[in-house]
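Chemist: Coordinates in input-v3.cif, mmCIF, C-alpha atoms, are listed below.
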data_coords
#
loop_
_atom_site.label_atom_id
_atom_site.label_comp_id
_atom_site.auth_asym_id
_atom_site.auth_seq_id
_atom_site.Cartn_x
_atom_site.Cartn_y
_atom_site.Cartn_z
CA MET A 81 1.12 31.19 14.39
CA ARG A 82 1.13 28.11 16.60
CA ARG A 83 3.59 29.89 18.87
CA ALA A 84 1.32 32.95 18.91
CA LEU A 85 -1.58 30.74 20.00
CA GLU A 86 0.57 29.16 22.73
CA LEU A 87 1.46 32.61 24.02
CA ALA A 88 -2.16 33.77 23.87
CA SER A 89 -3.29 30.89 26.10
CA LEU A 90 -1.05 32.20 28.89
CA GLY A 91 -3.58 34.99 29.40
CA ALA A 92 -6.35 32.56 30.40
CA GLY A 93 -8.22 33.83 33.45
CA HIS A 94 -6.49 37.22 33.41
CA VAL A 95 -7.73 39.18 30.39
CA ALA A 96 -11.52 38.64 30.28
CA PRO A 97 -13.70 40.18 28.98
CA ASN A 98 -10.96 40.89 26.43
CA PRO A 99 -9.82 38.04 24.18
CA MET A 100 -6.58 36.14 24.67
CA VAL A 101 -4.06 37.24 22.03
CA GLY A 102 -0.49 36.26 21.25
CA ALA A 103 1.97 37.84 18.82
CA VAL A 104 5.32 36.82 17.35
CA VAL A 105 7.70 39.08 15.39
CA VAL A 106 9.87 37.32 12.82
CA HIS A 107 12.92 38.64 10.98
CA GLU A 108 14.60 36.50 8.31
CA ASP A 109 12.86 33.34 9.56
CA ARG A 110 13.95 33.96 13.15
CA ILE A 111 11.76 35.00 16.08
CA VAL A 112 13.05 38.33 17.37
CA GLY A 113 10.18 39.31 19.65
CA GLU A 114 7.08 37.79 21.17
CA GLY A 115 4.39 38.74 23.65
CA TYR A 116 0.80 38.23 24.71
CA HIS A 117 -2.03 40.13 26.35
CA GLU A 118 -1.17 39.50 29.99
CA LYS A 119 -3.81 41.35 31.96
CA TYR A 120 -7.07 43.16 31.27
CA GLY A 121 -6.50 46.88 30.77
CA GLU A 122 -2.77 46.47 30.12
CA ALA A 123 -0.72 46.36 26.92
CA HIS A 124 -1.95 44.15 24.10
CA ALA A 125 0.03 41.32 22.54
CA GLU A 126 1.28 43.33 19.56
CA VAL A 127 2.70 46.04 21.82
CA ASN A 128 4.53 43.54 24.00
CA ALA A 129 5.91 41.62 21.03
CA ILE A 130 7.12 44.74 19.20
CA ASN A 131 8.66 46.16 22.37
CA ALA A 132 10.50 42.87 22.87
CA VAL A 133 12.45 43.36 19.64
CA GLN A 134 15.88 44.55 20.76
CA ASN A 135 16.84 46.19 17.47
CA GLN A 136 13.86 48.39 16.61
CA GLU A 137 15.51 49.42 13.34
CA ILE A 138 14.74 46.04 11.74
CA LEU A 139 10.98 46.26 12.30
CA SER A 140 10.37 47.48 8.75
CA GLU A 141 11.81 44.17 7.56
CA CYS A 142 9.72 42.05 9.95
CA THR A 143 6.54 40.02 9.82
CA ILE A 144 4.27 39.95 12.86
CA TYR A 145 2.06 36.93 13.45
CA VAL A 146 -1.02 37.78 15.53
CA SER A 147 -3.62 35.26 16.69
CA LEU A 148 -6.46 37.82 16.40
CA GLU A 149 -7.09 40.77 14.10
CA PRO A 150 -5.29 43.85 15.52
CA CYS A 151 -7.67 46.35 17.10
CA ALA A 152 -8.38 49.61 15.31
CA HIS A 153 -10.15 51.55 18.05
CA GLN A 154 -9.15 53.46 21.16
CA GLY A 155 -10.07 51.41 24.22
CA LYS A 156 -8.12 51.11 27.43
CA THR A 157 -5.02 51.08 25.18
CA PRO A 158 -4.25 52.70 21.80
CA PRO A 159 -5.10 50.87 18.54
CA CYS A 160 -2.62 48.10 17.78
CA ALA A 161 -3.16 48.47 14.02
CA ASP A 162 -1.87 52.06 14.30
CA LEU A 163 1.23 50.88 16.15
CA ILE A 164 2.01 48.34 13.40
CA VAL A 165 1.62 51.08 10.79
CA GLU A 166 3.75 53.48 12.82
CA LYS A 167 6.55 50.91 13.16
CA GLN A 168 6.23 50.12 9.42
CA LEU A 169 6.24 46.35 9.72
CA LYS A 170 6.15 44.90 6.22
CA ARG A 171 3.71 42.04 6.75
CA VAL A 172 1.00 40.93 9.17
CA VAL A 173 -0.30 37.36 9.42
CA ILE A 174 -3.61 37.02 11.29
CA GLY A 175 -5.12 33.93 12.92
CA CYS A 176 -8.79 34.98 12.88
CA GLY A 177 -10.95 38.05 12.59
CA ASP A 178 -12.33 40.00 15.53
CA SER A 179 -16.14 40.14 15.47
CA PHE A 180 -16.24 42.95 18.06
CA SER A 181 -18.13 45.75 16.30
CA GLU A 182 -15.38 48.30 16.94
CA VAL A 183 -12.88 46.08 15.07
CA ASP A 184 -14.55 43.53 12.72
CA GLY A 185 -12.42 44.09 9.62
CA LYS A 186 -11.40 47.64 10.47
CA GLY A 187 -8.00 46.50 11.73
CA ILE A 188 -7.28 44.68 8.48
CA GLN A 189 -8.50 47.67 6.46
CA ARG A 190 -6.24 50.02 8.42
CA LEU A 191 -3.21 47.84 7.68
CA THR A 192 -3.88 47.32 3.98
CA SER A 193 -4.64 51.02 3.51
CA ALA A 194 -1.15 51.73 4.81
CA GLY A 195 0.36 49.41 2.22
CA ILE A 196 1.15 46.58 4.63
CA GLU A 197 0.84 43.06 3.27
CA VAL A 198 -1.81 41.13 5.23
CA THR A 199 -2.37 37.38 5.19
CA THR A 200 -5.66 35.97 6.55
CA PHE A 201 -6.65 33.58 8.14
CA VAL A 202 -4.00 31.13 9.33
CA LEU A 203 -5.08 28.38 11.78
CA GLU A 204 -8.42 30.18 11.95
CA GLU A 205 -10.32 27.29 13.55
CA GLU A 206 -7.76 26.94 16.36
CA ALA A 207 -7.64 30.71 16.85
CA ARG A 208 -11.43 30.97 17.18
CA ALA A 209 -11.56 27.99 19.54
CA LEU A 210 -9.05 29.65 21.85
CA ASN A 211 -11.37 32.63 22.30
CA GLU A 212 -14.69 30.80 22.29
CA HIS A 213 -15.84 32.75 25.36
CA PHE A 214 -15.12 36.10 23.68
CA PHE A 215 -16.81 35.16 20.40
CA THR A 216 -19.91 33.88 22.20
CA VAL A 217 -20.33 37.30 23.83
CA GLN A 218 -19.82 39.16 20.56
CA GLU A 219 -21.97 36.93 18.38
CA LYS A 220 -24.70 35.70 20.78
CA GLY A 221 -24.93 38.63 23.16
CA ARG A 222 -24.52 36.47 26.26
CA PRO A 223 -21.75 34.86 28.30
CA TYR A 224 -20.26 31.51 27.37
CA VAL A 225 -22.01 28.90 29.54
CA MET A 226 -20.23 25.84 30.91
CA LEU A 227 -22.19 23.34 33.01
CA LYS A 228 -20.38 21.09 35.50
CA TRP A 229 -21.58 18.51 37.99
CA ALA A 230 -20.60 15.22 39.60
CA GLU A 231 -23.02 12.33 39.86
CA SER A 232 -22.97 8.85 41.33
CA ARG A 233 -22.91 5.67 39.24
CA ASN A 234 -26.65 5.40 39.72
CA GLY A 235 -27.30 8.94 38.50
CA ARG A 236 -27.72 10.97 41.69
CA ILE A 237 -26.15 14.35 42.31
CA ASP A 238 -26.70 14.57 46.08
CA ALA A 239 -27.89 12.52 49.04
CA LYS A 240 -31.29 13.06 50.63
CA ASP A 241 -31.08 15.82 53.25
CA GLU A 242 -31.84 13.65 56.26
CA GLU A 243 -29.16 11.17 55.24
CA LYS A 244 -26.31 13.69 55.30
CA ASP A 245 -24.76 16.12 57.69
CA THR A 246 -21.76 17.01 55.53
CA VAL A 247 -21.09 17.69 51.86
CA THR A 248 -21.68 14.65 49.65
CA TRP A 249 -18.38 14.10 47.84
CA ILE A 250 -18.90 12.04 44.71
CA SER A 251 -15.69 12.41 42.71
CA ARG A 252 -12.23 11.52 43.98
CA PRO A 253 -10.11 14.24 45.65
CA GLU A 254 -7.61 13.94 42.80
CA VAL A 255 -10.26 15.35 40.43
CA GLN A 256 -10.46 18.64 42.37
CA PRO A 257 -7.43 20.28 40.69
CA PHE A 258 -9.14 19.76 37.32
CA VAL A 259 -12.31 21.42 38.60
CA HIS A 260 -10.41 24.31 40.18
CA GLN A 261 -8.51 24.84 36.92
CA LEU A 262 -11.87 25.21 35.17
CA ARG A 263 -12.91 27.78 37.76
CA SER A 264 -9.72 29.80 37.28
CA GLU A 265 -10.39 30.13 33.55
CA MET A 266 -13.98 31.36 33.88
CA ALA A 267 -15.10 34.91 34.60
CA ALA A 268 -17.85 33.81 36.99
CA ILE A 269 -19.12 30.76 38.84
CA MET A 270 -22.83 30.39 39.59
CA VAL A 271 -24.98 28.21 41.86
CA GLY A 272 -28.52 28.24 43.14
CA LYS A 273 -29.64 29.09 46.67
CA ASN A 274 -30.12 25.44 47.66
CA THR A 275 -26.49 24.62 46.92
CA ILE A 276 -25.36 27.39 49.26
CA GLU A 277 -27.76 26.21 51.98
CA LYS A 278 -26.88 22.52 51.72
CA ASP A 279 -23.13 22.58 51.07
CA ASN A 280 -21.94 26.09 52.09
CA PRO A 281 -19.27 26.07 49.35
CA SER A 282 -16.54 28.70 48.96
CA LEU A 283 -16.58 28.52 45.13
CA THR A 284 -12.95 29.64 45.01
CA VAL A 285 -9.75 28.39 43.38
CA ARG A 286 -7.61 26.54 45.91
CA ARG A 287 -6.07 23.42 44.38
CA VAL A 288 -4.30 25.26 41.56
CA SER A 289 -2.76 28.68 41.09
CA GLY A 290 -5.15 31.08 39.43
CA PRO A 291 -7.65 33.90 39.92
CA ASN A 292 -10.98 33.36 41.63
CA PRO A 293 -14.05 33.79 39.41
CA LEU A 294 -16.76 36.22 40.45
CA ARG A 295 -19.31 34.29 42.49
CA VAL A 296 -22.95 34.55 41.45
CA VAL A 297 -25.77 33.18 43.60
CA LEU A 298 -29.40 32.80 42.52
CA ASP A 299 -31.57 33.72 45.50
CA SER A 300 -35.03 34.91 44.45
CA HIS A 301 -36.04 36.47 47.78
CA CYS A 302 -32.63 37.18 49.34
CA SER A 303 -33.32 34.58 52.00
CA LEU A 304 -29.77 33.29 52.49
CA THR A 305 -28.20 34.20 55.81
CA LYS A 306 -25.00 36.21 55.68
CA ASP A 307 -22.98 33.63 57.61
CA ARG A 308 -22.49 31.59 54.42
CA ALA A 309 -18.88 31.22 53.18
CA VAL A 310 -19.53 33.15 49.95
CA PHE A 311 -20.50 36.19 52.05
CA THR A 312 -17.88 36.05 54.80
CA ASP A 313 -14.49 35.39 53.19
CA GLY A 314 -14.01 38.90 51.82
CA GLY A 315 -14.41 37.95 48.17
CA ALA A 316 -17.00 39.55 45.93
CA THR A 317 -20.37 37.86 45.41
CA VAL A 318 -23.30 38.93 43.25
CA VAL A 319 -26.79 37.85 44.29
CA LEU A 320 -29.33 37.80 41.46
CA ASN A 321 -32.80 38.19 42.96
CA LEU A 322 -36.34 39.47 42.41
CA GLU A 323 -36.50 42.09 45.16
CA LYS A 324 -33.70 44.63 45.30
CA THR A 325 -30.62 46.23 43.81
CA ALA A 326 -28.18 47.26 46.50
CA VAL A 327 -24.58 47.00 47.65
CA ASP A 328 -23.67 45.56 51.03
CA GLU A 329 -19.93 44.95 50.67
CA PRO A 330 -18.74 42.47 49.63
CA ILE A 331 -22.24 41.49 48.45
CA ARG A 332 -23.87 43.11 45.44
CA TYR A 333 -27.59 42.51 45.02
CA VAL A 334 -28.90 42.77 41.45
CA GLN A 335 -32.65 42.66 40.86
CA ILE A 336 -33.89 40.91 37.73
CA GLU A 337 -37.37 40.40 36.25
CA ASP A 338 -37.52 36.63 36.68
CA MET A 339 -35.21 33.67 37.30
CA GLN A 340 -35.36 32.25 33.80
CA PRO A 341 -32.03 31.30 32.18
CA ALA A 342 -32.30 33.94 29.42
CA THR A 343 -32.94 36.70 31.99
CA ILE A 344 -30.05 35.51 34.16
CA LEU A 345 -27.66 35.53 31.20
CA LYS A 346 -28.85 39.00 30.19
CA ALA A 347 -28.00 40.25 33.68
CA LEU A 348 -24.57 38.63 33.58
CA HIS A 349 -23.93 40.18 30.17
CA GLN A 350 -24.84 43.61 31.57
CA LEU A 351 -22.31 42.97 34.34
CA ASN A 352 -19.66 42.48 31.62
CA ILE A 353 -19.23 38.80 32.47
CA SER A 354 -17.91 36.89 29.45
CA SER A 355 -18.17 33.32 30.78
CA VAL A 356 -19.92 31.49 33.59
CA LEU A 357 -19.38 28.06 35.12
CA ILE A 358 -22.65 26.72 36.51
CA GLU A 359 -21.93 24.17 39.24
CA GLY A 360 -25.39 23.52 40.65
CA GLY A 361 -27.76 22.57 41.82
CA ALA A 362 -29.65 20.06 39.75
CA ALA A 363 -32.64 22.32 39.10
CA THR A 364 -30.46 25.24 37.99
CA LEU A 365 -28.40 23.03 35.69
CA GLN A 366 -31.50 21.40 34.21
CA SER A 367 -33.14 24.77 33.54
CA PHE A 368 -30.22 25.84 31.32
CA ILE A 369 -30.21 22.48 29.54
CA ASP A 370 -33.96 22.69 28.90
CA ALA A 371 -33.62 26.26 27.62
CA ASN A 372 -30.74 25.18 25.35
CA LEU A 373 -28.64 28.00 26.77
CA TRP A 374 -25.33 26.26 27.26
CA ASP A 375 -22.13 25.79 25.27
CA GLU A 376 -20.28 23.00 27.04
CA ALA A 377 -21.12 20.48 29.77
CA ILE A 378 -18.79 18.41 31.95
CA GLN A 379 -20.25 15.41 33.72
CA ILE A 380 -18.08 13.64 36.31
CA ILE A 381 -19.31 10.17 37.26
CA GLY A 382 -17.94 8.88 40.55
CA GLN A 383 -17.42 5.25 41.55
CA GLY A 384 -19.97 5.02 44.36
CA THR A 385 -23.74 5.02 44.51
CA ILE A 386 -26.28 7.06 46.48
CA GLU A 387 -29.31 5.13 47.64
CA ASP A 388 -31.72 8.04 47.88
CA GLY A 389 -31.31 11.63 46.82
CA THR A 390 -31.55 14.19 44.05
CA TYR A 391 -31.28 12.93 40.50
CA ALA A 392 -28.56 14.41 38.31
CA PRO A 393 -29.46 16.63 35.34
CA VAL A 394 -30.42 14.88 32.12
CA ILE A 395 -28.07 16.12 29.44
CA ARG A 396 -29.17 16.28 25.82
CA GLY A 397 -26.20 16.88 23.60
CA THR A 398 -23.31 15.30 21.74
CA LEU A 399 -20.65 13.43 23.70
CA THR A 400 -17.38 14.92 22.44
CA ALA A 401 -14.84 13.41 24.84
CA ARG A 402 -14.66 10.70 27.47
CA GLN A 403 -11.78 9.87 29.80
CA GLU A 404 -11.12 8.02 33.02
CA LEU A 405 -9.56 9.78 36.00
CA LEU A 406 -8.44 7.24 38.62
CA GLY A 407 -11.69 5.33 38.22
CA ASP A 408 -13.96 8.35 37.86
CA ILE A 409 -15.39 9.01 34.41
CA LEU A 410 -15.30 12.46 32.85
CA ASN A 411 -17.68 13.13 29.95
CA LYS A 412 -17.73 16.31 27.89
CA TYR A 413 -20.79 17.36 25.87
CA ARG A 414 -21.68 20.01 23.32
CA PRO A 415 -25.24 21.02 22.31
#
Could you quickly redo this structure as structure tokens?
Modeler:
Amino acid sequence: MRRALELASLGAGHVAPNPMVGAVVVHEDRIVGEGYHEKYGEAHAEVNAINAVQNQEILSECTIYVSLEPCAHQGKTPPCADLIVEKQLKRVVIGCGDSFSEVDGKGIQRLTSAGIEVTTFVLEEEARALNEHFFTVQEKGRPYVMLKWAESRNGRIDAKDEEKDTVTWISRPEVQPFVHQLRSEMAAIMVGKNTIEKDNPSLTVRRVSGPNPLRVVLDSHCSLTKDRAVFTDGGATVVLNLEKTAVDEPIRYVQIEDMQPATILKALHQLNISSVLIEGGAATLQSFIDANLWDEAIQIIGQGTIEDGTYAPVIRGTLTARQELLGDILNKYRP
């Protein structure tokens, strides 16, 4: 099962809104096939693992270890539970259940009804943690929300406008690959209008290899000019606003009722976004903290100070991890 979880993690950033799943086929205590869900819309882990078994005749003597309950419904691919029944595997070991309404116990029922021995749940806590984004969507009806910001040693997130003519870099350059890795594993990245105006960020993945998240900008009255980087580099950007719903490639305008965190998350959920990294600005971050609509927060504290400027968000949560990165401090919080 640990190997199945390792395999599943290889799908990070490529399978959302589907969960990451890994599978391992074992025959006489030896791994004979393994696979994982590699890309959204393509074959699931069980299919890839079973197809990897060179001698298909031994499948009826095999056990398959799957990190998530096999699906029992027709989606973009056929039901994996039916494939396991068809191939007559003798035993299935499952990491955790799938709370998606179309599965949620139905996969297990399909297997046991066919006389297949099923063992549940092995390394369940680790299996659920791997797919925290997916389970948040299924069980809370909203995307998984990660907050991230950098602040100075004296608690400021940005310099006063008249004191800067370039982006205020707070953390060391060596921290950027960590931040870009976070971006690559999230379905979307979101900032407020002021961040786009002040810093003109690209909000893309550049320091590591990985997919770019969908960019989401909060702009109540669509006042941002179209010469901003998020509108001119060819990548897709969604603008949540109060005035219009329209498409002006590569920009998609989506009108919402108000700019409250719950309304924003409802809109993202309707766009099938399973996770969002909120990178700024301070007011946007604080609004989600105050509404208690967040799941994880990462606070990077640089080594310098800013004499005058915007104060960083005030986080109210439990400090779960703390580490030093070349003098910068990285704190992780949970609600």
Chemist: For a test of reading the model, state the distance in Å between atom CA of Met339 of chain A and atom CA of Gly93 of chain A, rounded to one decimal.
Modeler: 27.3 Å
Chemist: Give me the residues near Ser289 of chain A as a list in words, where near means some atom within 12 Å (using all atoms listed in the file) and where sequence neighbours in that chain fewer than 2 positions away do not count.
Modeler: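 My reading of the contact set: Ala92, Gly93, Pro257, Phe258, His260, Gln261, Leu262, Arg263, Ser264, Glu265, Thr284, Val285, Arg286, Arg287, Pro291 and Asn292 of chain A.
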Chemist: Please identify all polymer residues within 7 Å of Met100 of chain A, counting only C-alpha atoms, omitting same-chain residues fewer than 5 positions from it, and present them as a PyMOL selection string.
Modeler: chain A and resi 88-89+91-92+95+117+211
Chemist: For Pro253 of chain A, which residue among A:Pro415, A:Ile378, A:Ala309, A:Leu406 is the nearest when counting only C-alpha atoms?
Modeler: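 Among the listed residues, A:Leu406 lies closest to Pro253 of chain A.
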Chemist: From the set A:Thr398, A:Pro99, A:Ile164, A:Val106, which residue has the shortest atom-to-atom contact distance to Glu118 of chain A, counting only C-alpha atoms?
Modeler: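 For Glu118 of chain A, the nearest of the given residues is A:Pro99.
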Chemist: Quick one: apply the PyMOL selection byres ((chain A and resi 176) around 6) to the file and drop the selected residues here as a PyMOL selection string.
Modeler: chain A and resi 148+174-175+177+201+204+207
Chemist: Name every residue that the PyMOL selection byres ((chain A and resi 191) around 12) selects in this structure, writing the answer as a PyMOL selection string with chains first and numbers rising.
Modeler: chain A and resi 149-152+159-174+185-190+192-199
Chemist: Counting only C-alpha atoms, what is within 12 Å of Asp375 of chain A, bar same-chain residues fewer than 2 positions away, as JSON, numbers by chain?
Modeler: {"A": [212, 213, 215, 216, 217, 220, 222, 223, 224, 225, 226, 227, 228, 355, 356, 357, 358, 368, 369, 371, 372, 373, 377, 378, 396, 397, 398, 412, 413, 414, 415]}
Chemist: What is the distance, in Å and to one decimal place, between atom CA of Pro393 of chain A and atom CA of Gln366 of chain A?
Modeler: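 Computing it gives 5.3 Å between the two atoms.
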Chemist: Just give me the gap between atom CA of Glu359 of chain A and atom CA of Trp229 of chain A in Å, one decimal is fine.
Modeler: 5.8 Å
Chemist: Considering all atoms listed in the file, can you say which of A:Thr390, A:Asn274, A:Gln403, A:Gln136 comes closest to Ser303 of chain A?
Modeler: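 Checking each of A:Thr390, A:Asn274, A:Gln403, A:Gln136 against Ser303 of chain A, counting all atoms listed in the file, the winner is A:Asn274.
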Chemist: Give me the residues within 6 Å of Ala268 of chain A as a PyMOL selection string, counting all atoms listed in the file and dropping any in the same chain fewer than 2 places off.
Modeler: chain A and resi 266+293-295+356
Chemist: N, CA, C and O atoms are what I want for segment 341-352 of chain A; can you complete it accordingly and write them as an mmCIF file, in the coordinates of the input?
Modeler:
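Once written, result.cif looks like this:
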data_model
loop_
_atom_site.group_PDB
_atom_site.id
_atom_site.type_symbol
_atom_site.label_atom_id
_atom_site.label_comp_id
_atom_site.auth_asym_id
_atom_site.auth_seq_id
_atom_site.Cartn_x
_atom_site.Cartn_y
_atom_site.Cartn_z
ATOM 1 N N PRO A 341 -33.410 31.288 32.669
ATOM 2 C CA PRO A 341 -32.030 31.300 32.180
ATOM 3 C C PRO A 341 -31.697 32.487 31.268
ATOM 4 O O PRO A 341 -30.638 33.107 31.411
ATOM 5 N N ALA A 342 -32.583 32.832 30.337
ATOM 6 C CA ALA A 342 -32.300 33.940 29.420
ATOM 7 C C ALA A 342 -32.164 35.260 30.180
ATOM 8 O O ALA A 342 -31.291 36.091 29.863
ATOM 9 N N THR A 343 -33.003 35.469 31.190
ATOM 10 C CA THR A 343 -32.940 36.700 31.990
ATOM 11 C C THR A 343 -31.669 36.729 32.820
ATOM 12 O O THR A 343 -31.025 37.785 32.956
ATOM 13 N N ILE A 344 -31.290 35.603 33.366
ATOM 14 C CA ILE A 344 -30.050 35.510 34.160
ATOM 15 C C ILE A 344 -28.845 35.841 33.289
ATOM 16 O O ILE A 344 -27.975 36.629 33.687
ATOM 17 N N LEU A 345 -28.791 35.268 32.093
ATOM 18 C CA LEU A 345 -27.660 35.530 31.200
ATOM 19 C C LEU A 345 -27.627 36.985 30.736
ATOM 20 O O LEU A 345 -26.553 37.564 30.573
ATOM 21 N N LYS A 346 -28.797 37.574 30.547
ATOM 22 C CA LYS A 346 -28.850 39.000 30.190
ATOM 23 C C LYS A 346 -28.243 39.846 31.295
ATOM 24 O O LYS A 346 -27.464 40.778 31.032
ATOM 25 N N ALA A 347 -28.558 39.511 32.547
ATOM 26 C CA ALA A 347 -28.000 40.250 33.680
ATOM 27 C C ALA A 347 -26.497 40.082 33.768
ATOM 28 O O ALA A 347 -25.762 41.051 34.025
ATOM 29 N N LEU A 348 -26.015 38.870 33.548
ATOM 30 C CA LEU A 348 -24.570 38.630 33.580
ATOM 31 C C LEU A 348 -23.875 39.397 32.465
ATOM 32 O O LEU A 348 -22.775 39.946 32.662
ATOM 33 N N HIS A 349 -24.497 39.437 31.297
ATOM 34 C CA HIS A 349 -23.930 40.180 30.170
ATOM 35 C C HIS A 349 -23.827 41.664 30.517
ATOM 36 O O HIS A 349 -22.822 42.320 30.208
ATOM 37 N N GLN A 350 -24.854 42.198 31.172
ATOM 38 C CA GLN A 350 -24.840 43.610 31.570
ATOM 39 C C GLN A 350 -23.780 43.888 32.622
ATOM 40 O O GLN A 350 -23.319 45.021 32.762
ATOM 41 N N LEU A 351 -23.386 42.837 33.360
ATOM 42 C CA LEU A 351 -22.310 42.970 34.340
ATOM 43 C C LEU A 351 -20.931 42.754 33.708
ATOM 44 O O LEU A 351 -19.926 42.692 34.408
ATOM 45 N N ASN A 352 -20.907 42.629 32.380
ATOM 46 C CA ASN A 352 -19.660 42.480 31.620
ATOM 47 C C ASN A 352 -18.969 41.146 31.917
ATOM 48 O O ASN A 352 -17.739 41.052 31.893
#
